[in-house]
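Participant: Data file start-v2.json (JSON, N, CA and C atoms) is appended below.
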[["chain", "number", "residue", "atom", "x", "y", "z"],
["A", 224, "MET", "N", 10.34, 73.37, 68.98],
["A", 224, "MET", "CA", 10.58, 73.91, 67.66],
["A", 224, "MET", "C", 9.48, 73.44, 66.71],
["A", 225, "LYS", "N", 9.07, 74.32, 65.84],
["A", 225, "LYS", "CA", 8.06, 73.96, 64.85],
["A", 225, "LYS", "C", 8.74, 73.42, 63.60],
["A", 226, "HIS", "N", 8.05, 72.48, 62.98],
["A", 226, "HIS", "CA", 8.54, 71.98, 61.71],
["A", 226, "HIS", "C", 8.17, 72.96, 60.61],
["A", 227, "HIS", "N", 8.84, 72.84, 59.49],
["A", 227, "HIS", "CA", 8.59, 73.74, 58.37],
["A", 227, "HIS", "C", 7.17, 73.56, 57.83],
["A", 228, "GLU", "N", 6.63, 72.35, 57.85],
["A", 228, "GLU", "CA", 5.28, 72.09, 57.35],
["A", 228, "GLU", "C", 4.24, 72.81, 58.20],
["A", 229, "GLU", "N", 4.42, 72.87, 59.50],
["A", 229, "GLU", "CA", 3.45, 73.53, 60.37],
["A", 229, "GLU", "C", 3.41, 75.02, 60.11],
["A", 230, "GLU", "N", 4.53, 75.61, 59.77],
["A", 230, "GLU", "CA", 4.54, 77.04, 59.47],
["A", 230, "GLU", "C", 3.82, 77.32, 58.16],
["A", 231, "ASP", "N", 3.91, 76.43, 57.17],
["A", 231, "ASP", "CA", 3.21, 76.62, 55.91],
["A", 231, "ASP", "C", 1.70, 76.52, 56.09],
["A", 232, "ASN", "N", 1.24, 75.72, 57.02],
["A", 232, "ASN", "CA", -0.19, 75.53, 57.22],
["A", 232, "ASN", "C", -0.83, 76.59, 58.09],
["A", 233, "SER", "N", -0.08, 77.53, 58.59],
["A", 233, "SER", "CA", -0.63, 78.48, 59.54],
["A", 233, "SER", "C", -1.60, 79.47, 58.92],
["A", 234, "TYR", "N", -1.56, 79.66, 57.61],
["A", 234, "TYR", "CA", -2.46, 80.62, 56.96],
["A", 234, "TYR", "C", -3.53, 79.94, 56.11],
["A", 235, "ASP", "N", -3.76, 78.66, 56.31],
["A", 235, "ASP", "CA", -4.77, 77.95, 55.54],
["A", 235, "ASP", "C", -6.17, 78.49, 55.82],
["A", 236, "TYR", "N", -6.41, 78.96, 57.01],
["A", 236, "TYR", "CA", -7.74, 79.45, 57.36],
["A", 236, "TYR", "C", -8.14, 80.66, 56.52],
["A", 237, "LEU", "N", -7.17, 81.40, 56.00],
["A", 237, "LEU", "CA", -7.50, 82.56, 55.17],
["A", 237, "LEU", "C", -8.18, 82.13, 53.87],
["A", 238, "TYR", "N", -7.73, 81.03, 53.29],
["A", 238, "TYR", "CA", -8.37, 80.54, 52.07],
["A", 238, "TYR", "C", -9.81, 80.15, 52.34],
["A", 239, "TYR", "N", -10.04, 79.47, 53.46],
["A", 239, "TYR", "CA", -11.41, 79.06, 53.80],
["A", 239, "TYR", "C", -12.28, 80.28, 54.13],
["A", 240, "LEU", "N", -11.73, 81.24, 54.81],
["A", 240, "LEU", "CA", -12.49, 82.44, 55.15],
["A", 240, "LEU", "C", -12.86, 83.24, 53.91],
["A", 241, "ILE", "N", -11.91, 83.40, 53.00],
["A", 241, "ILE", "CA", -12.17, 84.13, 51.76],
["A", 241, "ILE", "C", -13.19, 83.38, 50.91],
["A", 242, "GLY", "N", -13.08, 82.06, 50.85],
["A", 242, "GLY", "CA", -14.05, 81.26, 50.10],
["A", 242, "GLY", "C", -15.44, 81.37, 50.67],
["A", 243, "LEU", "N", -15.55, 81.30, 52.00],
["A", 243, "LEU", "CA", -16.85, 81.41, 52.65],
["A", 243, "LEU", "C", -17.47, 82.78, 52.42],
["A", 244, "LEU", "N", -16.70, 83.83, 52.64],
["A", 244, "LEU", "CA", -17.23, 85.18, 52.47],
["A", 244, "LEU", "C", -17.59, 85.47, 51.02],
["A", 245, "SER", "N", -16.80, 84.97, 50.09],
["A", 245, "SER", "CA", -17.12, 85.18, 48.67],
["A", 245, "SER", "C", -18.41, 84.46, 48.29],
["A", 246, "GLY", "N", -18.57, 83.24, 48.77],
["A", 246, "GLY", "CA", -19.80, 82.49, 48.49],
["A", 246, "GLY", "C", -21.01, 83.14, 49.11],
["A", 247, "LEU", "N", -20.89, 83.60, 50.35],
["A", 247, "LEU", "CA", -22.01, 84.27, 51.00],
["A", 247, "LEU", "C", -22.37, 85.58, 50.30],
["A", 248, "PHE", "N", -21.36, 86.34, 49.90],
["A", 248, "PHE", "CA", -21.62, 87.60, 49.21],
["A", 248, "PHE", "C", -22.27, 87.35, 47.86],
["A", 249, "THR", "N", -21.81, 86.34, 47.13],
["A", 249, "THR", "CA", -22.41, 86.02, 45.84],
["A", 249, "THR", "C", -23.86, 85.58, 46.01],
["A", 250, "GLY", "N", -24.13, 84.76, 47.01],
["A", 250, "GLY", "CA", -25.50, 84.34, 47.28],
["A", 250, "GLY", "C", -26.39, 85.50, 47.69],
["A", 251, "PHE", "N", -25.85, 86.44, 48.42],
["A", 251, "PHE", "CA", -26.62, 87.61, 48.84],
["A", 251, "PHE", "C", -26.95, 88.50, 47.65],
["A", 252, "VAL", "N", -26.01, 88.65, 46.72],
["A", 252, "VAL", "CA", -26.24, 89.49, 45.55],
["A", 252, "VAL", "C", -27.22, 88.84, 44.58],
["A", 253, "ILE", "N", -27.11, 87.53, 44.38],
["A", 253, "ILE", "CA", -27.95, 86.83, 43.40],
["A", 253, "ILE", "C", -29.37, 86.65, 43.91],
["A", 254, "ASP", "N", -29.52, 86.24, 45.16],
["A", 254, "ASP", "CA", -30.83, 85.84, 45.67],
["A", 254, "ASP", "C", -31.32, 86.85, 46.69],
["A", 255, "THR", "N", -32.53, 87.33, 46.52],
["A", 255, "THR", "CA", -33.06, 88.34, 47.44],
["A", 255, "THR", "C", -33.78, 87.75, 48.65],
["A", 256, "ASN", "N", -34.13, 86.46, 48.64],
["A", 256, "ASN", "CA", -34.84, 85.89, 49.78],
["A", 256, "ASN", "C", -33.95, 84.98, 50.63],
["A", 257, "PHE", "N", -32.65, 85.04, 50.46],
["A", 257, "PHE", "CA", -31.66, 84.41, 51.34],
["A", 257, "PHE", "C", -31.69, 82.89, 51.36],
["A", 258, "ILE", "N", -32.31, 82.24, 50.38],
["A", 258, "ILE", "CA", -32.30, 80.78, 50.36],
["A", 258, "ILE", "C", -30.99, 80.27, 49.76],
["A", 259, "LEU", "N", -30.49, 80.95, 48.76],
["A", 259, "LEU", "CA", -29.28, 80.51, 48.07],
["A", 259, "LEU", "C", -28.01, 80.91, 48.81],
["A", 260, "THR", "N", -28.09, 81.84, 49.73],
["A", 260, "THR", "CA", -26.90, 82.37, 50.41],
["A", 260, "THR", "C", -26.13, 81.30, 51.19],
["A", 261, "PRO", "N", -26.74, 80.50, 52.08],
["A", 261, "PRO", "CA", -25.94, 79.48, 52.78],
["A", 261, "PRO", "C", -25.43, 78.38, 51.86],
["A", 262, "ILE", "N", -26.17, 78.08, 50.80],
["A", 262, "ILE", "CA", -25.72, 77.05, 49.86],
["A", 262, "ILE", "C", -24.45, 77.51, 49.16],
["A", 263, "LEU", "N", -24.44, 78.75, 48.69],
["A", 263, "LEU", "CA", -23.24, 79.26, 48.03],
["A", 263, "LEU", "C", -22.10, 79.48, 49.01],
["A", 264, "GLY", "N", -22.39, 79.71, 50.28],
["A", 264, "GLY", "CA", -21.34, 79.77, 51.28],
["A", 264, "GLY", "C", -20.62, 78.44, 51.41],
["A", 265, "ILE", "N", -21.39, 77.36, 51.39],
["A", 265, "ILE", "CA", -20.80, 76.02, 51.46],
["A", 265, "ILE", "C", -20.01, 75.72, 50.18],
["A", 266, "VAL", "N", -20.54, 76.12, 49.04],
["A", 266, "VAL", "CA", -19.83, 75.93, 47.77],
["A", 266, "VAL", "C", -18.51, 76.70, 47.79],
["A", 267, "GLY", "N", -18.53, 77.90, 48.36],
["A", 267, "GLY", "CA", -17.30, 78.68, 48.48],
["A", 267, "GLY", "C", -16.27, 77.98, 49.35],
["A", 268, "LEU", "N", -16.71, 77.37, 50.46],
["A", 268, "LEU", "CA", -15.79, 76.61, 51.30],
["A", 268, "LEU", "C", -15.21, 75.41, 50.56],
["A", 269, "LEU", "N", -16.04, 74.71, 49.80],
["A", 269, "LEU", "CA", -15.55, 73.56, 49.04],
["A", 269, "LEU", "C", -14.55, 73.99, 47.97],
["A", 270, "PHE", "N", -14.82, 75.09, 47.30],
["A", 270, "PHE", "CA", -13.89, 75.58, 46.29],
["A", 270, "PHE", "C", -12.57, 76.01, 46.93],
["A", 271, "ALA", "N", -12.64, 76.63, 48.10],
["A", 271, "ALA", "CA", -11.41, 77.03, 48.79],
["A", 271, "ALA", "C", -10.59, 75.80, 49.18],
["A", 272, "GLY", "N", -11.24, 74.76, 49.66],
["A", 272, "GLY", "CA", -10.53, 73.52, 50.00],
["A", 272, "GLY", "C", -9.90, 72.88, 48.78],
["A", 273, "PHE", "N", -10.61, 72.87, 47.66],
["A", 273, "PHE", "CA", -10.05, 72.34, 46.42],
["A", 273, "PHE", "C", -8.85, 73.16, 45.98],
["A", 274, "PHE", "N", -8.98, 74.47, 45.99],
["A", 274, "PHE", "CA", -7.89, 75.35, 45.58],
["A", 274, "PHE", "C", -6.66, 75.15, 46.46],
["A", 275, "LEU", "N", -6.89, 75.04, 47.76],
["A", 275, "LEU", "CA", -5.80, 74.88, 48.71],
["A", 275, "LEU", "C", -5.07, 73.55, 48.51],
["A", 276, "ASN", "N", -5.82, 72.48, 48.32],
["A", 276, "ASN", "CA", -5.20, 71.16, 48.19],
["A", 276, "ASN", "C", -4.57, 70.91, 46.82],
["A", 277, "VAL", "N", -5.10, 71.50, 45.78],
["A", 277, "VAL", "CA", -4.59, 71.21, 44.44],
["A", 277, "VAL", "C", -3.51, 72.19, 44.01],
["A", 278, "PHE", "N", -3.75, 73.47, 44.17],
["A", 278, "PHE", "CA", -2.84, 74.47, 43.63],
["A", 278, "PHE", "C", -1.81, 74.98, 44.62],
["A", 279, "VAL", "N", -2.19, 75.19, 45.85],
["A", 279, "VAL", "CA", -1.28, 75.80, 46.81],
["A", 279, "VAL", "C", -0.31, 74.78, 47.40],
["A", 280, "ARG", "N", -0.71, 73.56, 47.60],
["A", 280, "ARG", "CA", 0.15, 72.55, 48.22],
["A", 280, "ARG", "C", 1.40, 72.27, 47.40],
["A", 281, "GLY", "N", 1.29, 72.24, 46.08],
["A", 281, "GLY", "CA", 2.42, 71.90, 45.24],
["A", 281, "GLY", "C", 3.35, 73.05, 44.95],
["A", 282, "ARG", "N", 3.01, 74.24, 45.39],
["A", 282, "ARG", "CA", 3.80, 75.43, 45.05],
["A", 282, "ARG", "C", 5.18, 75.41, 45.67],
["A", 283, "GLY", "N", 5.32, 74.98, 46.90],
["A", 283, "GLY", "CA", 6.60, 75.02, 47.59],
["A", 283, "GLY", "C", 7.51, 73.84, 47.32],
["A", 284, "LYS", "N", 7.05, 72.87, 46.53],
["A", 284, "LYS", "CA", 7.82, 71.65, 46.29],
["A", 284, "LYS", "C", 8.47, 71.66, 44.92],
["A", 285, "ALA", "N", 8.94, 72.78, 44.48],
["A", 285, "ALA", "CA", 9.56, 72.87, 43.15],
["A", 285, "ALA", "C", 11.01, 72.46, 43.19]]
Can you turn what I pasted into structure tokens?

Facilitator:
Amino acid sequence: MKHHEEEDNSYDYLYYLIGLLSGLFTGFVIDTNFILTPILGIVGLLFAGFFLNVFVRGRGKA
């Protein structure tokens, strides 16, 4: 049997995927020589991790 916490964590990868793709897309639009694209991809991943840990974690504990 799965615990309730494991079921809540099953969609965490979507936040990271959306953050990565958003950062990569923003870097692609801003920079034409692709230097900024991987940097903004990493920034997108960091922002997704921050969003997940700060805002989403506390939502179910009301």

Participant: Between A:Tyr239, A:Phe278, A:Gly246, A:Tyr234, which one has atoms that come closest to A:Gly264, using only C-alpha atoms?

Facilitator: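 For A:Gly264, the nearest of the given residues is A:Gly246.
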
Participant: Mind pulling up the distance from atom C of A:Phe248 to atom CA of A:Phe270?

Facilitator: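 Spanning atom CA of A:Phe270 to atom C of A:Phe248 is a straight-line distance of 14.5 Å.
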
Participant: Provide the atom CA of A:Pro261 to atom CA of A:Arg280 distance in Å, to one decimal place.

Facilitator: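 For atom CA of A:Pro261 relative to atom CA of A:Arg280, the distance reads 27.4 Å.
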
Participant: What does the distance from atom CA of A:Val279 to atom CA of A:Ile265 come to in Å, to one decimal?

Facilitator: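 It comes out at 20.1 Å.
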
Participant: Give the answer as one residue: which of A:Gly250, A:Asn256, A:Leu237, A:Gly242 has the shortest atom-to-atom distance to A:Leu268, using only N, CA and C atoms?

Facilitator: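 Nearest candidate to A:Leu268 out of A:Gly250, A:Asn256, A:Leu237, A:Gly242: A:Gly242.
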